[in-house]
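A.B. asks: This is the structure I want to talk about, given as structure tokens.
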Number of protein chains: 2
Amino acid sequence: MPEGLDELRYHGGNLNAARRSFPNAPDPWIDLSTGINPVPYPVGIVAPSAWTKLPEPCGLAELEAAARAANGAKPSTEIVAASGTQALIQWLPHVFPARRVGILGFTYGEHEERWLAAGAKVSTVEALADLVAFDVGVVVNPNNPDGRTFPPDDLAEIAKTLAQRLGLLIVDEAFMDALGRRSSLVPRLPEAGALVLRSFGKIYGLSGLRLGFAVASPEVGGMLRRAIGPWAVSGPAIEIGRRALTDGSWLKETVARLSDEAARLDRLLQSAGFEIVGGTPLFRLAQHKGARAFFERLGRAGILSRPFQAKPDWLRFGIPHAPAEWERLEAALDIGEGSIHGGPQ
Amino acid sequence: MPEGLDELRYHGGNLNAARRSFPNAPDPWIDLSTGINPVPYPVGIVAPSAWTKLPEPCGLAELEAAARAANGAKPSTEIVAASGTQALIQWLPHVFPARRVGILGFTYGEHEERWLAAGAKVSTVEALADLVAFDVGVVVNPNNPDGRTFPPDDLAEIAKTLAQRLGLLIVDEAFMDALGRRSSLVPRLPEAGALVLRSFGKIYGLSGLRLGFAVASPEVGGMLRRAIGPWAVSGPAIEIGRRALTDGSWLKETVARLSDEAARLDRLLQSAGFEIVGGTPLFRLAQHKGARAFFERLGRAGILSRPFQAKPDWLRFGIPHAPAEWERLEAALDIGEGSIHGGPQ
């Protein structure tokens, strides 16, 4: 296993570690290790005052109102903007101390990591209904990396049950924008026992901006807002986020394009002998008994995919965009050679 | 007292609240309620990847190395970048739970507020040496709002004493850049019992960027780093911060200019009958028995200064820059009229 590979496992996106692991790979790398839209929302001109002034409460309120409208949240629901959902994930175990946490797995590792670091006992469960047995339940919807989805009706039911014991259901909707409002729990809120996390940077292709939201009841949202404190979101994130969240046509076109490109990626991976396990329009999860060897072959070709330590047969792929990226991916997967169904050498 | 004035008290910088309080004031407002350099470091061109990519560990390490060099921190000291020092202030009571916290007052209110919110017993003390009696001691150096400074020797001594009881001295050096390295505790670190906070946005005039640092021993710094988690700093903040922190000549010229302008502001306020209590090159604290009436007179003229609920005779002023700002301030202070020494009407 190349040196530095461990760094790549969980999060992806660490191209410098990839360069160390595959020193002879061609540059530029194609980073397919994340689920970030490769065609970002146009940053445009940022007002000088967004950089220079301490962000004012009214600007933040406008951003949160844009997020409310974009996601169909009721006026009685609290929306809290933060510098990325990771910042909220870091705070959750401190704001809602829980001893027993249930996480619907296999899923994104950061939730488990943060609850464990806070001293909670974390169990991974396989069925959604099992989450009612815990103080805090965590579900990623659609799930990362397999794209499994959970009906909002079922989630609302579990949140209600947890609320009766002052528990909380955390629903991480990081990749929900690509699915649409009917799949989201947000329009059903507020529910006393539910908190939804929404990413901004993934679908808008601006993950360096650091912007994310918590959507919850006023009580639960208020606790998070007090925890993260004032000026938690940068001026540029407030300005660009508000502009993007009010641009419904951009989102609609983006989801349509990503869906087409995801289907193209599925066909390509299937041609290389992969089975498509699932995914969202922002990433595809593919299975192959030679997945580990494919990861290394792609790495040597300067293409970073995402392996999973616990699932050696899986690779997750973000969506390529530029024609040259498709060509390099196709070439690296060695489509059309005799060896495809036997896996890579 | 005009409606909304309470919102203005602590933090300043809330121009919309000022507009509500003084609806007939001319626009644009001159915001002297903060201690932010009015001549920002040039943002320049931000690389597209800073917006689009999840910030990589090596970019963050380069930013932290630039902060280390700029502040004269030893290689054995840990530097942790965060999205503003406020984000660190929010975390401190959770990372270092303390029952008894001593704060050297009168000072910036956010420290007390966050420790109280976390359930600590907070005492305000008047002498630095009194801080050794607590689990955690907090001192702002130079102090905000009065500019009082504390010798690094004395601070190191107190940190050593606190460390013997596993206590911690938190030194908030938010305004230290304007004073220079010899006044800072940073070059003395690591000390097991000391943690220094450094702001970026104030002296570089980029408070909307959200960037700040904690400087501490590897153990203490590591605890904070794990608390704030990955991707805590935005891509633009990493890029611009690194550029600014390696531009020593800009900082030198800026401090010289601010010092000149601060002296000019002192003369102006003295002409209006104020006594200068203290300050730093980024703000001046002035005393007048008619300070409250001055605040309102300035507000009606579209100039926002910073009052203090507990100190009705005090007003704090940021440093004006543009000639028109100096003219409007001079006119609003009514310099040269017979009424100056009697205070405003």
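Every chain in the structure tokens has a letter given in the order shown (A, B, ...), and although residue numbers restart at 1 in each chain, ligands are simply numbered from 1 in the order shown.
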Considering only C-alpha atoms, extract the chain B residues located within 7 Å of chain A and return them as an mmCIF file with all heavy atoms, in the first residue's frame.

C.D. replies:
data_model
loop_
_atom_site.group_PDB
_atom_site.id
_atom_site.type_symbol
_atom_site.label_atom_id
_atom_site.label_comp_id
_atom_site.auth_asym_id
_atom_site.auth_seq_id
_atom_site.Cartn_x
_atom_site.Cartn_y
_atom_site.Cartn_z
ATOM 1 N N GLY B 13 -19.999 47.971 15.612
ATOM 2 C CA GLY B 13 -20.024 47.368 14.293
ATOM 3 C C GLY B 13 -21.406 47.028 13.765
ATOM 4 O O GLY B 13 -21.529 46.484 12.686
ATOM 5 N N ASN B 14 -22.459 47.354 14.498
ATOM 6 C CA ASN B 14 -23.795 47.040 14.017
ATOM 7 C C ASN B 14 -24.434 48.309 13.463
ATOM 8 O O ASN B 14 -25.226 48.984 14.103
ATOM 9 C CB ASN B 14 -24.643 46.460 15.137
ATOM 10 C CG ASN B 14 -25.936 45.869 14.618
ATOM 11 O OD1 ASN B 14 -26.371 46.202 13.510
ATOM 12 N ND2 ASN B 14 -26.550 45.007 15.392
ATOM 13 N N PRO B 40 -7.738 48.319 4.531
ATOM 14 C CA PRO B 40 -7.503 46.873 4.579
ATOM 15 C C PRO B 40 -6.292 46.436 3.775
ATOM 16 O O PRO B 40 -5.888 47.100 2.821
ATOM 17 C CB PRO B 40 -8.779 46.286 3.969
ATOM 18 C CG PRO B 40 -9.310 47.363 3.091
ATOM 19 C CD PRO B 40 -8.945 48.672 3.769
ATOM 20 N N ALA B 50 -9.364 28.272 -4.242
ATOM 21 C CA ALA B 50 -9.580 28.618 -2.831
ATOM 22 C C ALA B 50 -11.071 28.610 -2.490
ATOM 23 O O ALA B 50 -11.456 28.311 -1.363
ATOM 24 C CB ALA B 50 -8.976 29.988 -2.518
ATOM 25 N N TRP B 51 -11.895 28.958 -3.478
ATOM 26 C CA TRP B 51 -13.349 28.928 -3.272
ATOM 27 C C TRP B 51 -13.915 27.523 -3.440
ATOM 28 O O TRP B 51 -14.823 27.125 -2.731
ATOM 29 C CB TRP B 51 -14.052 29.822 -4.303
ATOM 30 C CG TRP B 51 -13.673 31.256 -4.290
ATOM 31 C CD1 TRP B 51 -12.848 31.905 -5.166
ATOM 32 C CD2 TRP B 51 -14.131 32.270 -3.374
ATOM 33 N NE1 TRP B 51 -12.764 33.238 -4.853
ATOM 34 C CE2 TRP B 51 -13.544 33.494 -3.768
ATOM 35 C CE3 TRP B 51 -14.987 32.261 -2.262
ATOM 36 C CZ2 TRP B 51 -13.771 34.695 -3.089
ATOM 37 C CZ3 TRP B 51 -15.214 33.451 -1.587
ATOM 38 C CH2 TRP B 51 -14.610 34.647 -1.997
ATOM 39 N N THR B 52 -13.379 26.802 -4.431
ATOM 40 C CA THR B 52 -14.058 25.569 -4.842
ATOM 41 C C THR B 52 -13.616 24.332 -4.064
ATOM 42 O O THR B 52 -14.421 23.445 -3.820
ATOM 43 C CB THR B 52 -13.836 25.302 -6.341
ATOM 44 O OG1 THR B 52 -12.430 25.191 -6.600
ATOM 45 C CG2 THR B 52 -14.409 26.443 -7.182
ATOM 46 N N LYS B 53 -12.344 24.246 -3.704
ATOM 47 C CA LYS B 53 -11.825 23.029 -3.082
ATOM 48 C C LYS B 53 -11.957 23.074 -1.572
ATOM 49 O O LYS B 53 -11.816 24.130 -0.957
ATOM 50 C CB LYS B 53 -10.334 22.841 -3.424
ATOM 51 C CG LYS B 53 -10.011 22.839 -4.900
ATOM 52 C CD LYS B 53 -10.451 21.564 -5.574
ATOM 53 C CE LYS B 53 -10.054 21.580 -7.048
ATOM 54 N NZ LYS B 53 -10.843 20.617 -7.846
ATOM 55 N N LEU B 54 -12.158 21.914 -0.999
ATOM 56 C CA LEU B 54 -12.051 21.780 0.448
ATOM 57 C C LEU B 54 -10.611 22.124 0.822
ATOM 58 O O LEU B 54 -9.676 21.593 0.220
ATOM 59 C CB LEU B 54 -12.358 20.326 0.798
ATOM 60 C CG LEU B 54 -13.023 19.962 2.106
ATOM 61 C CD1 LEU B 54 -14.228 20.812 2.412
ATOM 62 C CD2 LEU B 54 -13.431 18.492 2.077
ATOM 63 N N PRO B 55 -10.410 23.034 1.782
ATOM 64 C CA PRO B 55 -9.035 23.438 2.103
ATOM 65 C C PRO B 55 -8.168 22.238 2.480
ATOM 66 O O PRO B 55 -8.566 21.419 3.302
ATOM 67 C CB PRO B 55 -9.224 24.395 3.282
ATOM 68 C CG PRO B 55 -10.621 24.915 3.144
ATOM 69 C CD PRO B 55 -11.415 23.771 2.568
ATOM 70 N N GLU B 56 -6.997 22.152 1.884
ATOM 71 C CA GLU B 56 -6.104 21.015 2.141
ATOM 72 C C GLU B 56 -5.220 21.283 3.368
ATOM 73 O O GLU B 56 -4.876 22.431 3.654
ATOM 74 C CB GLU B 56 -5.225 20.757 0.922
ATOM 75 C CG GLU B 56 -6.037 20.319 -0.281
ATOM 76 C CD GLU B 56 -5.302 19.309 -1.150
ATOM 77 O OE1 GLU B 56 -4.343 18.682 -0.664
ATOM 78 O OE2 GLU B 56 -5.701 19.149 -2.310
ATOM 79 N N ALA B 87 -14.486 32.307 17.381
ATOM 80 C CA ALA B 87 -14.754 30.863 17.312
ATOM 81 C C ALA B 87 -13.956 30.122 18.382
ATOM 82 O O ALA B 87 -14.433 29.147 18.974
ATOM 83 C CB ALA B 87 -14.421 30.326 15.922
ATOM 84 N N GLN B 90 -15.450 30.817 21.843
ATOM 85 C CA GLN B 90 -16.635 29.974 22.055
ATOM 86 C C GLN B 90 -16.248 28.577 22.546
ATOM 87 O O GLN B 90 -16.943 27.988 23.362
ATOM 88 C CB GLN B 90 -17.422 29.828 20.745
ATOM 89 C CG GLN B 90 -17.970 31.110 20.155
ATOM 90 C CD GLN B 90 -19.157 31.684 20.888
ATOM 91 O OE1 GLN B 90 -19.250 32.882 21.134
ATOM 92 N NE2 GLN B 90 -20.085 30.809 21.282
ATOM 93 N N GLY B 205 -7.521 44.824 8.683
ATOM 94 C CA GLY B 205 -8.731 45.457 8.166
ATOM 95 C C GLY B 205 -9.642 44.517 7.400
ATOM 96 O O GLY B 205 -10.371 44.943 6.504
ATOM 97 N N LEU B 206 -9.599 43.229 7.739
ATOM 98 C CA LEU B 206 -10.362 42.213 6.998
ATOM 99 C C LEU B 206 -11.165 41.348 7.973
ATOM 100 O O LEU B 206 -11.049 40.118 7.983
ATOM 101 C CB LEU B 206 -9.411 41.332 6.169
ATOM 102 C CG LEU B 206 -8.673 42.040 5.022
ATOM 103 C CD1 LEU B 206 -7.616 41.120 4.409
ATOM 104 C CD2 LEU B 206 -9.663 42.489 3.943
ATOM 105 N N SER B 207 -12.009 41.994 8.770
ATOM 106 C CA SER B 207 -12.707 41.219 9.799
ATOM 107 C C SER B 207 -13.813 40.357 9.215
ATOM 108 O O SER B 207 -14.249 39.404 9.862
ATOM 109 C CB SER B 207 -13.251 42.139 10.884
ATOM 110 O OG SER B 207 -13.974 43.183 10.307
ATOM 111 N N GLY B 208 -14.264 40.654 7.984
ATOM 112 C CA GLY B 208 -15.265 39.799 7.354
ATOM 113 C C GLY B 208 -14.691 38.471 6.888
ATOM 114 O O GLY B 208 -15.427 37.518 6.645
ATOM 115 N N LEU B 209 -13.360 38.406 6.776
ATOM 116 C CA LEU B 209 -12.675 37.191 6.311
ATOM 117 C C LEU B 209 -12.785 36.065 7.332
ATOM 118 O O LEU B 209 -12.802 34.893 6.967
ATOM 119 C CB LEU B 209 -11.208 37.541 6.073
ATOM 120 C CG LEU B 209 -10.279 36.535 5.429
ATOM 121 C CD1 LEU B 209 -10.723 36.223 4.016
ATOM 122 C CD2 LEU B 209 -8.843 37.081 5.412
ATOM 123 N N ARG B 210 -12.856 36.412 8.620
ATOM 124 C CA ARG B 210 -12.902 35.468 9.748
ATOM 125 C C ARG B 210 -11.640 34.623 9.804
ATOM 126 O O ARG B 210 -11.571 33.537 9.220
ATOM 127 C CB ARG B 210 -14.150 34.568 9.711
ATOM 128 C CG ARG B 210 -15.472 35.276 9.544
ATOM 129 C CD ARG B 210 -15.686 36.485 10.426
ATOM 130 N NE ARG B 210 -15.700 36.165 11.851
ATOM 131 C CZ ARG B 210 -15.044 36.866 12.775
ATOM 132 N NH1 ARG B 210 -14.320 37.923 12.460
ATOM 133 N NH2 ARG B 210 -15.132 36.523 14.036
ATOM 134 N N ALA B 227 -10.908 20.177 18.755
ATOM 135 C CA ALA B 227 -12.259 20.687 19.020
ATOM 136 C C ALA B 227 -12.837 21.396 17.794
ATOM 137 O O ALA B 227 -13.983 21.153 17.421
ATOM 138 C CB ALA B 227 -12.243 21.639 20.216
ATOM 139 N N ILE B 228 -12.050 22.259 17.165
ATOM 140 C CA ILE B 228 -12.614 23.002 16.029
ATOM 141 C C ILE B 228 -12.716 22.124 14.787
ATOM 142 O O ILE B 228 -13.545 22.366 13.926
ATOM 143 C CB ILE B 228 -11.836 24.306 15.718
ATOM 144 C CG1 ILE B 228 -10.411 24.024 15.241
ATOM 145 C CG2 ILE B 228 -11.828 25.227 16.924
ATOM 146 C CD1 ILE B 228 -9.679 25.279 14.769
ATOM 147 N N GLY B 229 -11.893 21.083 14.698
ATOM 148 C CA GLY B 229 -12.046 20.107 13.628
ATOM 149 C C GLY B 229 -11.452 20.535 12.303
ATOM 150 O O GLY B 229 -10.857 21.607 12.189
ATOM 151 N N ALA B 232 -11.725 24.218 9.267
ATOM 152 C CA ALA B 232 -12.293 25.282 10.092
ATOM 153 C C ALA B 232 -12.061 26.657 9.461
ATOM 154 O O ALA B 232 -12.764 27.610 9.786
ATOM 155 C CB ALA B 232 -11.685 25.243 11.492
ATOM 156 N N SER B 234 -11.662 29.045 5.961
ATOM 157 C CA SER B 234 -12.047 29.058 4.551
ATOM 158 C C SER B 234 -10.826 29.154 3.640
ATOM 159 O O SER B 234 -9.757 29.623 4.048
ATOM 160 C CB SER B 234 -12.982 30.245 4.277
ATOM 161 O OG SER B 234 -12.258 31.454 4.288
ATOM 162 N N GLY B 235 -10.998 28.715 2.402
ATOM 163 C CA GLY B 235 -9.923 28.795 1.418
ATOM 164 C C GLY B 235 -9.423 30.219 1.198
ATOM 165 O O GLY B 235 -8.208 30.457 1.219
#

A.B. asks: Could you name the residues that touch Arg181 of chain B at 10 Å or less, counting only C-alpha atoms, but leaving out those on the same chain fewer than 4 positions away, as an NGL selection string?

C.D. replies: :B and (70-73 or 176-177 or 185-187)

A.B. asks: Export, as an mmCIF file, in the first residue's frame, the selected residues with C-alpha atoms.

C.D. replies:
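Below you can see result.cif, which holds the result:
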data_model
loop_
_atom_site.group_PDB
_atom_site.id
_atom_site.type_symbol
_atom_site.label_atom_id
_atom_site.label_comp_id
_atom_site.auth_asym_id
_atom_site.auth_seq_id
_atom_site.Cartn_x
_atom_site.Cartn_y
_atom_site.Cartn_z
ATOM 1 C CA ALA B 70 5.210 36.852 11.732
ATOM 2 C CA ASN B 71 4.723 36.563 15.484
ATOM 3 C CA GLY B 72 8.101 35.136 16.413
ATOM 4 C CA ALA B 73 6.742 31.868 17.801
ATOM 5 C CA MET B 176 -1.081 43.181 19.731
ATOM 6 C CA ASP B 177 0.069 43.563 16.099
ATOM 7 C CA LEU B 185 3.843 36.638 25.136
ATOM 8 C CA VAL B 186 4.031 34.587 21.911
ATOM 9 C CA PRO B 187 7.855 34.485 21.599
#

A.B. asks: Using only C-alpha atoms, determine which residues lie at most 9 Å from Phe175 of chain A, disregarding the query and same-chain residues fewer than 3 positions distant; provide the list as a ChimeraX atom specification.

C.D. replies: /A:35,140-144,147,172,178-179,198-199,202-203,280-282

A.B. asks: Report as a list in words: the residues of segment 146-217 of chain A with a DSSP assignment of strand (DSSP E or B), based on the backbone of this structure.

C.D. replies: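 Taking segment 146-217 of chain A and keeping strand (DSSP E or B) only, one gets Leu168, Leu169, Ile170, Val171, Asp172, Ala194, Leu195, Val196, Leu197, Arg198, Ser199, Gly212, Phe213, Ala214, Val215 and Ala216 of chain A.
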
A.B. asks: Select, from A:Gln309, A:Met223, A:Glu327, A:Ala133, the residue with the minimum atom-to-atom distance to Leu268 of chain A, counting only C-alpha atoms.

C.D. replies: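 Once distances to Leu268 of chain A are computed over only C-alpha atoms, the minimum belongs to A:Glu327.
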
A.B. asks: Near Glu325 of chain A, within 12 Å and counting only C-alpha atoms, which residues show up once chain neighbours fewer than 3 positions away are dropped, as an MDAnalysis selection string?

C.D. replies: chainID A and resid 28:32 38 265 301:304 318:322 328:332

A.B. asks: For Lys252 of chain B, find every residue with an atom within 10 Å (counting only C-alpha atoms), except residues of its own chain fewer than 4 positions away, and show them as a PyMOL selection string.

C.D. replies: chain B and resi 177-178+180+247-248+256-257

A.B. asks: Could you list, as a list of chain:residue names, every residue within 10 Å of Ala25 of chain B, counting only C-alpha atoms and ignoring same-chain residues fewer than 5 positions away?

C.D. replies: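 Here the qualifying residues turn out to be B:Ala18, B:Arg19, B:Arg20, B:Arg297, B:Leu298, B:Gly299, B:Arg300, B:Ala301, B:Gly302, B:Ile303.
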
A.B. asks: Report as a list in words all protein, DNA and RNA residues lying within 10 Å of Pro75 of chain B, evaluated on only C-alpha atoms, omitting residues in the same chain fewer than 3 positions from it.

C.D. replies: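 Surrounding residues, per the criterion: Ala65, Arg68, Ala69, Gly72, Glu78, Ile79, Leu189 and Pro190 of chain B.
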
A.B. asks: How far is it from atom CA of Phe134 of chain A to atom CA of Val101 of chain A, in Å with one decimal?

C.D. replies: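 Straight-line distance from atom CA of Phe134 of chain A to atom CA of Val101 of chain A works out to 5.5 Å.
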
A.B. asks: With distances taken over only C-alpha atoms, which of A:Thr85, A:Thr124, A:Thr77, A:Ser249 is nearest to Glu173 of chain A?

C.D. replies: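 Going through A:Thr85, A:Thr124, A:Thr77, A:Ser249 one by one, the smallest distance to Glu173 of chain A is for A:Thr85.
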
A.B. asks: Could you tell me which of B:Gly193, B:Pro93, B:Gly102, B:Gly222 comes closest to Gly137 of chain B if we count only C-alpha atoms?

C.D. replies: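 Of the candidates, the smallest distance to Gly137 of chain B is held by B:Gly102.
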